[in-house]
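Have a look at target_26.csv; it's CSV, C-alpha atoms:
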```csv
chain,number,residue,atom,x,y,z
A,1,MET,CA,29.1,-196.7,-147.5
A,2,PRO,CA,29.4,-195.4,-143.9
A,3,PRO,CA,27.4,-192.3,-143.0
A,4,SER,CA,29.0,-188.9,-143.3
A,5,ARG,CA,30.6,-187.7,-140.1
A,6,ALA,CA,31.9,-184.6,-138.5
A,7,ASP,CA,35.6,-184.5,-138.1
A,8,THR,CA,35.5,-184.5,-134.3
A,9,ASP,CA,36.7,-186.8,-131.6
A,10,PRO,CA,34.7,-187.7,-128.5
A,11,ALA,CA,37.1,-185.7,-126.3
A,12,SER,CA,35.7,-182.5,-127.9
A,13,LEU,CA,32.1,-183.2,-126.6
A,14,PRO,CA,31.0,-180.8,-123.9
A,15,GLY,CA,31.0,-182.7,-120.6
A,16,TRP,CA,32.9,-185.6,-121.9
A,17,SER,CA,35.7,-185.4,-119.3
A,18,GLU,CA,33.2,-185.5,-116.5
A,19,ASP,CA,31.3,-188.6,-117.7
A,20,ASP,CA,31.8,-192.1,-116.2
A,21,HIS,CA,33.6,-193.7,-119.1
A,22,ALA,CA,33.9,-197.1,-117.3
A,23,ALA,CA,30.1,-197.3,-116.9
A,24,ALA,CA,29.6,-196.5,-120.6
A,25,LEU,CA,32.2,-199.1,-121.6
A,26,THR,CA,30.5,-201.7,-119.4
A,27,ALA,CA,27.2,-201.0,-121.2
A,28,TYR,CA,28.9,-201.1,-124.6
A,29,ALA,CA,30.5,-204.5,-123.8
A,30,LEU,CA,27.2,-206.1,-123.1
A,31,THR,CA,26.1,-206.1,-126.7
A,32,VAL,CA,29.3,-205.4,-128.7
A,33,ASP,CA,29.3,-209.0,-130.1
A,34,GLN,CA,26.0,-208.2,-131.8
A,35,LEU,CA,27.8,-205.5,-133.9
A,36,PRO,CA,29.8,-206.1,-137.1
A,37,ALA,CA,33.4,-207.0,-136.7
A,38,HIS,CA,34.7,-203.5,-137.5
A,39,TRP,CA,33.2,-202.2,-134.3
A,40,PRO,CA,36.1,-202.3,-131.8
A,41,ARG,CA,36.0,-204.8,-128.9
A,42,PRO,CA,37.2,-203.7,-125.4
A,43,ASP,CA,40.9,-204.5,-125.2
A,44,GLY,CA,41.8,-204.0,-121.5
A,45,SER,CA,42.9,-200.4,-122.0
A,46,SER,CA,41.4,-197.6,-119.9
A,47,ALA,CA,37.8,-196.9,-120.8
A,48,ARG,CA,38.3,-193.3,-121.7
A,49,GLY,CA,41.4,-194.1,-123.8
A,50,PHE,CA,39.6,-196.9,-125.6
A,51,LEU,CA,36.6,-194.7,-126.5
A,52,GLU,CA,38.8,-191.8,-127.6
A,53,ASN,CA,41.2,-193.9,-129.6
A,54,HIS,CA,38.6,-196.0,-131.5
A,55,PHE,CA,35.6,-193.7,-132.2
A,56,ARG,CA,34.7,-190.5,-134.1
A,57,CYS,CA,31.5,-188.5,-133.8
A,58,LEU,CA,28.8,-188.0,-136.4
A,59,ALA,CA,27.2,-184.5,-136.7
A,60,PRO,CA,24.9,-183.6,-133.8
A,61,GLN,CA,21.1,-184.2,-134.2
A,62,ASP,CA,18.2,-182.6,-132.3
A,63,ALA,CA,16.3,-185.1,-130.2
A,64,LEU,CA,13.7,-185.5,-127.5
A,65,VAL,CA,14.9,-187.6,-124.6
A,66,THR,CA,12.2,-189.3,-122.6
A,67,GLY,CA,12.5,-191.9,-119.9
A,68,TYR,CA,11.2,-195.4,-119.1
A,69,TYR,CA,11.5,-197.7,-116.1
A,70,GLU,CA,10.7,-201.0,-114.5
A,71,PRO,CA,7.6,-200.7,-112.3
A,72,GLU,CA,7.6,-202.4,-108.9
A,73,LEU,CA,4.1,-203.4,-107.9
A,74,ASN,CA,2.1,-205.8,-105.7
A,75,GLY,CA,0.5,-208.8,-107.4
A,76,SER,CA,-1.1,-212.2,-107.0
A,77,ALA,CA,-0.6,-215.5,-108.8
A,78,VAL,CA,-4.4,-216.0,-108.4
A,79,GLU,CA,-7.4,-213.8,-108.9
A,80,THR,CA,-8.9,-212.4,-105.7
A,81,PRO,CA,-11.4,-209.7,-104.9
A,82,ARG,CA,-8.5,-207.3,-104.6
A,83,PHE,CA,-6.3,-208.5,-107.5
A,84,ARG,CA,-8.6,-208.6,-110.6
A,85,PHE,CA,-6.5,-207.0,-113.4
A,86,PRO,CA,-4.3,-209.5,-115.3
A,87,LEU,CA,-1.1,-209.4,-117.3
A,88,HIS,CA,-1.1,-212.0,-120.0
A,89,ALA,CA,1.2,-214.4,-121.7
A,90,LEU,CA,1.6,-214.3,-125.5
A,91,PRO,CA,-1.2,-216.1,-127.2
A,92,PRO,CA,-1.1,-217.9,-130.6
A,93,MET,CA,-2.1,-215.3,-133.2
A,94,ASP,CA,-3.4,-216.3,-136.6
A,95,ARG,CA,-3.2,-212.8,-138.1
A,96,THR,CA,-1.4,-209.5,-137.8
A,97,PRO,CA,-2.6,-207.2,-136.5
A,98,TRP,CA,-4.5,-209.3,-134.0
A,99,PHE,CA,-7.5,-208.1,-131.9
A,100,THR,CA,-7.4,-204.6,-130.5
A,101,ARG,CA,-7.3,-203.9,-126.7
A,102,ALA,CA,-11.1,-203.3,-126.7
A,103,GLU,CA,-11.8,-206.5,-128.6
A,104,ILE,CA,-9.5,-208.5,-126.4
A,105,GLN,CA,-11.3,-207.3,-123.3
A,106,GLU,CA,-14.8,-207.6,-124.6
A,107,GLY,CA,-14.3,-211.1,-126.0
A,108,ARG,CA,-12.2,-212.3,-123.1
A,109,ARG,CA,-9.9,-213.7,-125.7
A,110,LEU,CA,-7.0,-214.2,-123.2
A,111,ARG,CA,-8.8,-216.3,-120.7
A,112,GLY,CA,-6.5,-218.8,-119.2
A,113,ARG,CA,-3.3,-217.0,-120.2
A,114,GLU,CA,-3.1,-214.9,-117.1
A,115,LEU,CA,0.5,-214.7,-115.6
A,116,VAL,CA,-0.3,-212.5,-112.6
A,117,TRP,CA,-3.1,-210.3,-111.3
A,118,LEU,CA,-2.7,-206.7,-110.2
A,119,ASP,CA,-4.9,-204.5,-108.0
A,120,ASP,CA,-5.1,-201.5,-110.2
A,121,PRO,CA,-6.2,-201.4,-113.9
A,122,LEU,CA,-4.1,-198.3,-114.7
A,123,GLU,CA,-1.0,-199.8,-113.2
A,124,ALA,CA,-1.5,-203.0,-115.3
A,125,PHE,CA,-1.8,-200.7,-118.3
A,126,LEU,CA,1.3,-198.8,-117.4
A,127,ALA,CA,3.3,-202.0,-117.0
A,128,GLN,CA,2.4,-202.8,-120.6
A,129,VAL,CA,3.7,-199.3,-121.7
A,130,GLN,CA,7.0,-199.9,-119.9
A,131,GLY,CA,7.3,-203.5,-121.2
A,132,SER,CA,8.6,-205.0,-117.9
A,133,VAL,CA,7.5,-205.2,-114.3
A,134,ARG,CA,8.7,-206.5,-110.9
A,135,LEU,CA,6.0,-207.9,-108.7
A,136,ARG,CA,5.9,-208.6,-105.0
A,137,LEU,CA,3.6,-211.6,-104.3
A,138,PRO,CA,1.7,-212.2,-101.0
A,139,ASP,CA,4.2,-214.9,-100.0
A,140,GLY,CA,7.1,-212.5,-100.2
A,141,SER,CA,8.5,-213.8,-103.4
A,142,VAL,CA,9.2,-211.6,-106.4
A,143,LEU,CA,8.1,-212.3,-109.9
A,144,ARG,CA,9.9,-210.6,-112.9
A,145,LEU,CA,8.0,-210.2,-116.2
A,146,GLY,CA,9.4,-209.0,-119.5
A,147,TYR,CA,8.1,-208.2,-122.9
A,148,ALA,CA,7.0,-211.1,-125.0
A,149,GLY,CA,5.2,-209.5,-127.9
A,150,ARG,CA,2.3,-207.3,-128.9
A,151,ASN,CA,-0.9,-207.5,-130.9
A,152,GLY,CA,0.4,-205.5,-133.8
A,153,HIS,CA,-1.7,-202.4,-133.4
A,154,PRO,CA,-0.1,-198.9,-133.2
A,155,TYR,CA,0.5,-197.4,-129.7
A,156,ARG,CA,-1.7,-194.4,-128.8
A,157,SER,CA,-0.9,-192.3,-125.8
A,158,ILE,CA,-3.6,-192.0,-123.2
A,159,GLY,CA,-1.8,-188.8,-122.0
A,160,ALA,CA,-2.2,-187.3,-125.4
A,161,GLU,CA,-5.9,-188.3,-125.4
A,162,LEU,CA,-6.4,-186.5,-122.0
A,163,VAL,CA,-4.8,-183.4,-123.4
A,164,ALA,CA,-7.0,-183.6,-126.6
A,165,ARG,CA,-10.1,-183.9,-124.4
A,166,GLY,CA,-9.0,-180.8,-122.4
A,167,ALA,CA,-8.9,-182.9,-119.2
A,168,VAL,CA,-5.2,-182.1,-118.5
A,169,SER,CA,-3.1,-179.3,-120.0
A,170,ALA,CA,-0.2,-180.1,-122.3
A,171,ASP,CA,2.3,-178.6,-119.9
A,172,ALA,CA,1.0,-180.6,-116.9
A,173,ILE,CA,0.6,-184.1,-118.5
A,174,SER,CA,2.7,-186.8,-116.8
A,175,THR,CA,2.1,-190.3,-115.4
A,176,GLU,CA,1.2,-188.8,-112.0
A,177,ALA,CA,-1.3,-186.5,-113.7
A,178,ILE,CA,-2.9,-189.5,-115.4
A,179,ARG,CA,-3.1,-191.3,-112.0
A,180,ASP,CA,-4.7,-188.2,-110.5
A,181,TRP,CA,-7.3,-188.1,-113.3
A,182,ALA,CA,-8.0,-191.8,-112.9
A,183,ARG,CA,-8.6,-191.5,-109.2
A,184,ALA,CA,-11.0,-188.6,-109.8
A,185,ASN,CA,-12.8,-190.4,-112.8
A,186,PRO,CA,-12.8,-194.2,-112.1
A,187,ASP,CA,-15.9,-194.7,-114.1
A,188,GLN,CA,-14.2,-193.3,-117.2
A,189,LEU,CA,-10.8,-195.1,-116.9
A,190,ASP,CA,-11.7,-198.2,-118.9
A,191,GLY,CA,-12.8,-196.1,-121.8
A,192,LEU,CA,-9.6,-194.1,-121.7
A,193,LEU,CA,-7.5,-197.2,-121.7
A,194,ARG,CA,-9.3,-198.7,-124.7
A,195,CYS,CA,-8.3,-195.6,-126.7
A,196,ASN,CA,-4.9,-197.4,-127.1
A,197,PRO,CA,-5.5,-200.4,-129.4
A,198,SER,CA,-2.0,-201.8,-128.7
A,199,TYR,CA,-1.7,-204.7,-126.2
A,200,VAL,CA,1.5,-206.0,-124.8
A,201,PHE,CA,2.1,-209.6,-123.6
A,202,PHE,CA,4.7,-210.8,-121.1
A,203,ARG,CA,6.9,-213.7,-120.2
A,204,THR,CA,8.4,-214.8,-116.9
A,205,LEU,CA,12.1,-213.9,-116.5
A,206,ASP,CA,14.7,-215.6,-114.2
A,207,LEU,CA,16.8,-212.6,-113.2
A,208,HIS,CA,18.9,-211.7,-110.2
A,209,ALA,CA,17.3,-209.0,-108.1
A,210,ASP,CA,20.2,-206.7,-108.8
A,211,LEU,CA,19.8,-206.8,-112.5
A,212,GLY,CA,17.6,-204.6,-114.6
A,213,PRO,CA,15.0,-206.0,-117.0
A,214,LEU,CA,15.8,-207.4,-120.4
A,215,GLY,CA,16.0,-205.1,-123.4
A,216,ALA,CA,15.2,-205.9,-127.0
A,217,LEU,CA,18.8,-207.1,-127.6
A,218,GLY,CA,18.4,-209.8,-125.0
A,219,THR,CA,20.6,-208.3,-122.3
A,220,THR,CA,19.7,-206.5,-119.1
A,221,VAL,CA,19.4,-202.8,-119.4
A,222,LEU,CA,21.5,-200.4,-117.2
A,223,SER,CA,20.0,-197.4,-115.4
A,224,GLY,CA,21.2,-194.2,-116.9
A,225,ARG,CA,23.2,-195.9,-119.7
A,226,SER,CA,20.7,-198.0,-121.8
A,227,VAL,CA,18.5,-196.3,-124.3
A,228,ALA,CA,15.7,-197.3,-126.7
A,229,ALA,CA,16.1,-195.8,-130.1
A,230,ASP,CA,14.7,-195.9,-133.6
A,231,PRO,CA,15.3,-199.2,-135.4
A,232,ALA,CA,17.5,-197.4,-137.9
A,233,VAL,CA,20.1,-197.0,-135.2
A,234,PRO,CA,22.1,-200.2,-134.8
A,235,GLY,CA,21.5,-202.2,-131.6
A,236,GLY,CA,24.6,-201.8,-129.4
A,237,ALA,CA,25.7,-198.5,-130.9
A,238,LEU,CA,27.0,-195.6,-128.8
A,239,VAL,CA,25.0,-192.4,-128.5
A,240,TRP,CA,26.1,-189.3,-126.6
A,241,LEU,CA,23.2,-187.4,-125.0
A,242,ALA,CA,23.7,-183.7,-124.5
A,243,GLY,CA,21.0,-181.7,-122.6
A,244,ALA,CA,19.9,-180.5,-119.2
A,245,GLY,CA,21.0,-183.1,-116.6
A,246,LEU,CA,22.3,-185.4,-119.3
A,247,ASN,CA,25.8,-185.2,-120.9
A,248,ARG,CA,26.5,-188.9,-120.9
A,249,LEU,CA,27.4,-191.8,-123.2
A,250,THR,CA,24.7,-194.3,-123.7
A,251,VAL,CA,24.2,-197.6,-125.6
A,252,VAL,CA,21.2,-198.7,-127.7
A,253,HIS,CA,20.0,-201.7,-125.9
A,254,ASP,CA,16.3,-201.5,-126.5
A,255,ARG,CA,13.4,-200.7,-128.8
A,256,GLY,CA,9.9,-199.4,-128.3
A,257,SER,CA,6.8,-199.2,-130.5
A,258,ALA,CA,6.5,-195.4,-129.8
A,259,ILE,CA,10.3,-194.8,-130.0
A,260,THR,CA,10.8,-193.6,-133.6
A,261,GLY,CA,12.6,-190.8,-135.4
A,262,SER,CA,14.6,-188.5,-133.2
A,263,ARG,CA,13.1,-189.7,-129.9
A,264,ILE,CA,15.4,-191.4,-127.4
A,265,ASP,CA,14.1,-193.3,-124.3
A,266,LEU,CA,16.5,-193.5,-121.4
A,267,PHE,CA,16.2,-196.4,-118.9
A,268,CYS,CA,15.9,-194.8,-115.4
A,269,GLY,CA,15.9,-197.8,-113.2
A,270,THR,CA,13.4,-199.8,-111.0
A,271,GLY,CA,10.6,-198.7,-108.7
A,272,PRO,CA,8.7,-195.5,-107.7
A,273,SER,CA,11.6,-193.1,-107.7
A,274,ALA,CA,12.7,-194.3,-111.1
A,275,GLY,CA,9.1,-193.9,-112.3
A,276,ASP,CA,9.0,-190.3,-111.0
A,277,LEU,CA,12.2,-189.5,-112.9
A,278,ALA,CA,11.0,-191.2,-116.1
A,279,SER,CA,7.6,-189.6,-116.0
A,280,GLY,CA,9.0,-186.1,-115.8
A,281,MET,CA,11.7,-186.6,-118.4
A,282,LYS,CA,11.0,-184.7,-121.6
A,283,ILE,CA,14.3,-183.0,-122.5
A,284,ALA,CA,15.1,-181.2,-125.7
A,285,ALA,CA,18.5,-182.5,-126.3
A,286,ARG,CA,21.2,-183.1,-128.9
A,287,THR,CA,22.5,-186.6,-129.7
A,288,VAL,CA,25.8,-187.5,-131.2
A,289,ALA,CA,26.3,-191.0,-132.6
A,290,LEU,CA,29.8,-192.4,-132.2
A,291,ILE,CA,31.2,-194.7,-135.0
A,292,PRO,CA,34.4,-196.6,-135.4
A,293,LYS,CA,37.4,-194.7,-136.7
A,294,ALA,CA,38.2,-197.8,-138.7
A,295,TRP,CA,34.9,-197.3,-140.7
A,296,SER,CA,36.1,-195.8,-143.9
```
I'd like the structure from this file rewritten - as structure tokens, please.
Amino acid sequence: MPPSRADTDPASLPGWSEDDHAAALTAYALTVDQLPAHWPRPDGSSARGFLENHFRCLAPQDALVTGYYEPELNGSAVETPRFRFPLHALPPMDRTPWFTRAEIQEGRRLRGRELVWLDDPLEAFLAQVQGSVRLRLPDGSVLRLGYAGRNGHPYRSIGAELVARGAVSADAISTEAIRDWARANPDQLDGLLRCNPSYVFFRTLDLHADLGPLGALGTTVLSGRSVAADPAVPGGALVWLAGAGLNRLTVVHDRGSAITGSRIDLFCGTGPSAGDLASGMKIAARTVALIPKAWS
């Protein structure tokens, strides 16, 4: 049985007429073939007409919209006195969960599986949180890494840990606030990072420079249109975001170990400006899932 739905059409959504429907349809088309046959395929009609003619809205749900991005960092293919903090390839794992972050580091269990070396331990950690990274190597080349797997332990936020310690106030916590704390407390940083037992592994990607990183559905994600959502939401599904600075149609292209329940994570792009946008994005919003009118 399909889920119950509100008897509304997309055209009734506040801000619908101002959205870029062509951009939304481009995002939908990337993964529509992964949806069941009753989900309509783009047919050459206008983007807005296609969406309004083929979809209805479910009832709105409260949500928290956060952001994620693809970091752009300096790196080295070999360890040097400057570049000492590695990102690793997926190892063979004989049990789940595997070793914790602390156990991995203490036992040097990933020796020989280094893909690249970074010059900052916090940035290496944050690359794991984001699940992708774009690296500028000393010879001028660019290396793209994407998510390959994780050790099976639950994600624990180091920002929440700093708040719990009273080191940063809850209303001030952000990625930049964490960086400020790390610069002021370098001797405590390793201990903070080990509070998160989860560890993410990477693989090398062959992607054009203009493309975003790969999402969990195997296609590149699009800035401002791709979201990560709870596994209960079908991959490739359409989700309208309504909130301050939002009002746009997005597509579920990704997953995240911390993205569960009513939380939605919006891909904000690549590089520092995207990182600033993602870091400050905590929007109390409403989401509206769109389902095919043919679903009856």
In terms of only C-alpha atoms, the residue from A:Pro40, A:Ala89, A:Ser45, A:Ala148 at minimal distance from Tyr28 of chain A is A:Pro40
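Atom pair atom CA of Arg136 of chain A / atom CA of Arg113 of chain A has a distance of 19.7 Å (rounded to one decimal).
Relative to atom CA of Gly280 of chain A, atom CA of Arg84 of chain A is found at 29.0 Å.
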Of the residues A:Glu52, A:Gly140, A:Gly44, A:Ala24, which is the one nearest to Ser12 of chain A, using all atoms listed in the file?
A:Glu52
Choose the residue, out of A:Gly218, A:Gly112, A:Gly67, A:Pro231, that has the smallest atom-to-atom separation from Ile283 of chain A; count all atoms listed in the file.
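Closest to Ile283 of chain A of all the choices is A:Gly67.
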Mind dumping a table of every segment 79-99 of chain A residue within 9 Å of segment 106-110 of chain A, with the nearest atom pair and its distance in Å to one decimal, using all atoms listed in the file, sorted by chain and rising number, as JSON lines?
```
{"residue": "A:His88", "atom": "CA", "partner": "A:Leu110", "partner_atom": "CA", "distance": 7.1}
{"residue": "A:Ala89", "atom": "CA", "partner": "A:Leu110", "partner_atom": "CA", "distance": 8.3}
{"residue": "A:Leu90", "atom": "CA", "partner": "A:Leu110", "partner_atom": "CA", "distance": 8.9}
{"residue": "A:Pro91", "atom": "CA", "partner": "A:Leu110", "partner_atom": "CA", "distance": 7.3}
{"residue": "A:Phe99", "atom": "CA", "partner": "A:Arg109", "partner_atom": "CA", "distance": 8.7}
```
Atom CA of Val239 of chain A to atom CA of Val252 of chain A, straight-line distance in Å:
7.4 Å
Report as a PyMOL selection string all protein, DNA and RNA residues lying within 12 Å of Tyr68 of chain A, evaluated on all atoms listed in the file, omitting residues in the same chain fewer than 2 positions from it.
chain A and resi 65-66+70-71+126-133+175+213+215+221-224+226-228+254-256+258-259+264-282
Can you build me a table of segment 94-151 of chain A residues sitting at most 12 Å from segment 180-183 of chain A, with the closest atom pair per residue and its distance in Å to one decimal, using all atoms listed in the file, sorted by chain and residue number, as a Markdown table?
```
| residue | atom | partner | partner_atom | distance |
| --- | --- | --- | --- | --- |
| A:Asp120 | CA | A:Ala182 | CA | 10.5 |
| A:Pro121 | CA | A:Ala182 | CA | 9.8 |
| A:Leu122 | CA | A:Ala182 | CA | 7.8 |
| A:Glu123 | CA | A:Ala182 | CA | 10.6 |
```
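Considering the residues A:Asp33, A:Asp190, A:Asp20, A:Asp139 and counting all atoms listed in the file, Leu217 of chain A has its shortest atom-to-atom contact with A:Asp33.
Shortest atom-to-atom contact with Leu51 of chain A among A:Pro86, A:Pro138, A:Gly159, A:Pro10: A:Pro10, counting only C-alpha atoms.
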My list of candidates is A:Asn196, A:Gln105, A:Ser17, A:Ser141. Which is closest to Glu161 of chain A when distances are computed with only C-alpha atoms?
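The answer is A:Asn196, which sits nearest to Glu161 of chain A.
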Would you kindly return, as a ChimeraX atom specification, each protein, DNA or RNA residue with an atom no farther than 9 Å from any atom of Tyr199 of chain A, considering only C-alpha atoms and excluding same-chain residues fewer than 3 positions away?
/A:99-101,104,125,128-129,149-153,155,196
Create the file for the chosen residues now, containing C-alpha atoms and written as a PDB file, in the frame of the given file.
```pdb
ATOM      1  CA  PHE A  99      -7.500-208.100-131.900  1.00  0.00           C
ATOM      2  CA  THR A 100      -7.400-204.600-130.500  1.00  0.00           C
ATOM      3  CA  ARG A 101      -7.300-203.900-126.700  1.00  0.00           C
ATOM      4  CA  ILE A 104      -9.500-208.500-126.400  1.00  0.00           C
ATOM      5  CA  PHE A 125      -1.800-200.700-118.300  1.00  0.00           C
ATOM      6  CA  GLN A 128       2.400-202.800-120.600  1.00  0.00           C
ATOM      7  CA  VAL A 129       3.700-199.300-121.700  1.00  0.00           C
ATOM      8  CA  GLY A 149       5.200-209.500-127.900  1.00  0.00           C
ATOM      9  CA  ARG A 150       2.300-207.300-128.900  1.00  0.00           C
ATOM     10  CA  ASN A 151      -0.900-207.500-130.900  1.00  0.00           C
ATOM     11  CA  GLY A 152       0.400-205.500-133.800  1.00  0.00           C
ATOM     12  CA  HIS A 153      -1.700-202.400-133.400  1.00  0.00           C
ATOM     13  CA  TYR A 155       0.500-197.400-129.700  1.00  0.00           C
ATOM     14  CA  ASN A 196      -4.900-197.400-127.100  1.00  0.00           C
TER      15      ASN A 196
END
```
Taking the point (-3.6, -195.1, -127.5) as given in the file, collect each protein or nucleic acid residue that comes within 6 Å of it, counting all atoms listed in the file, and present the set as a PDB file with C-alpha atoms, keeping the file's coordinate frame.
```
ATOM      1  CA  TYR A 155       0.500-197.400-129.700  1.00  0.00           C
ATOM      2  CA  ARG A 156      -1.700-194.400-128.800  1.00  0.00           C
ATOM      3  CA  SER A 157      -0.900-192.300-125.800  1.00  0.00           C
ATOM      4  CA  ILE A 158      -3.600-192.000-123.200  1.00  0.00           C
ATOM      5  CA  CYS A 195      -8.300-195.600-126.700  1.00  0.00           C
ATOM      6  CA  ASN A 196      -4.900-197.400-127.100  1.00  0.00           C
ATOM      7  CA  PRO A 197      -5.500-200.400-129.400  1.00  0.00           C
TER       8      PRO A 197
END
```
Any idea what's packed within 9 Å of Ala23 of chain A, counting all atoms listed in the file, ignoring anything in its chain fewer than 6 positions away? Could you give it as a ChimeraX atom specification?
/A:47,225,249
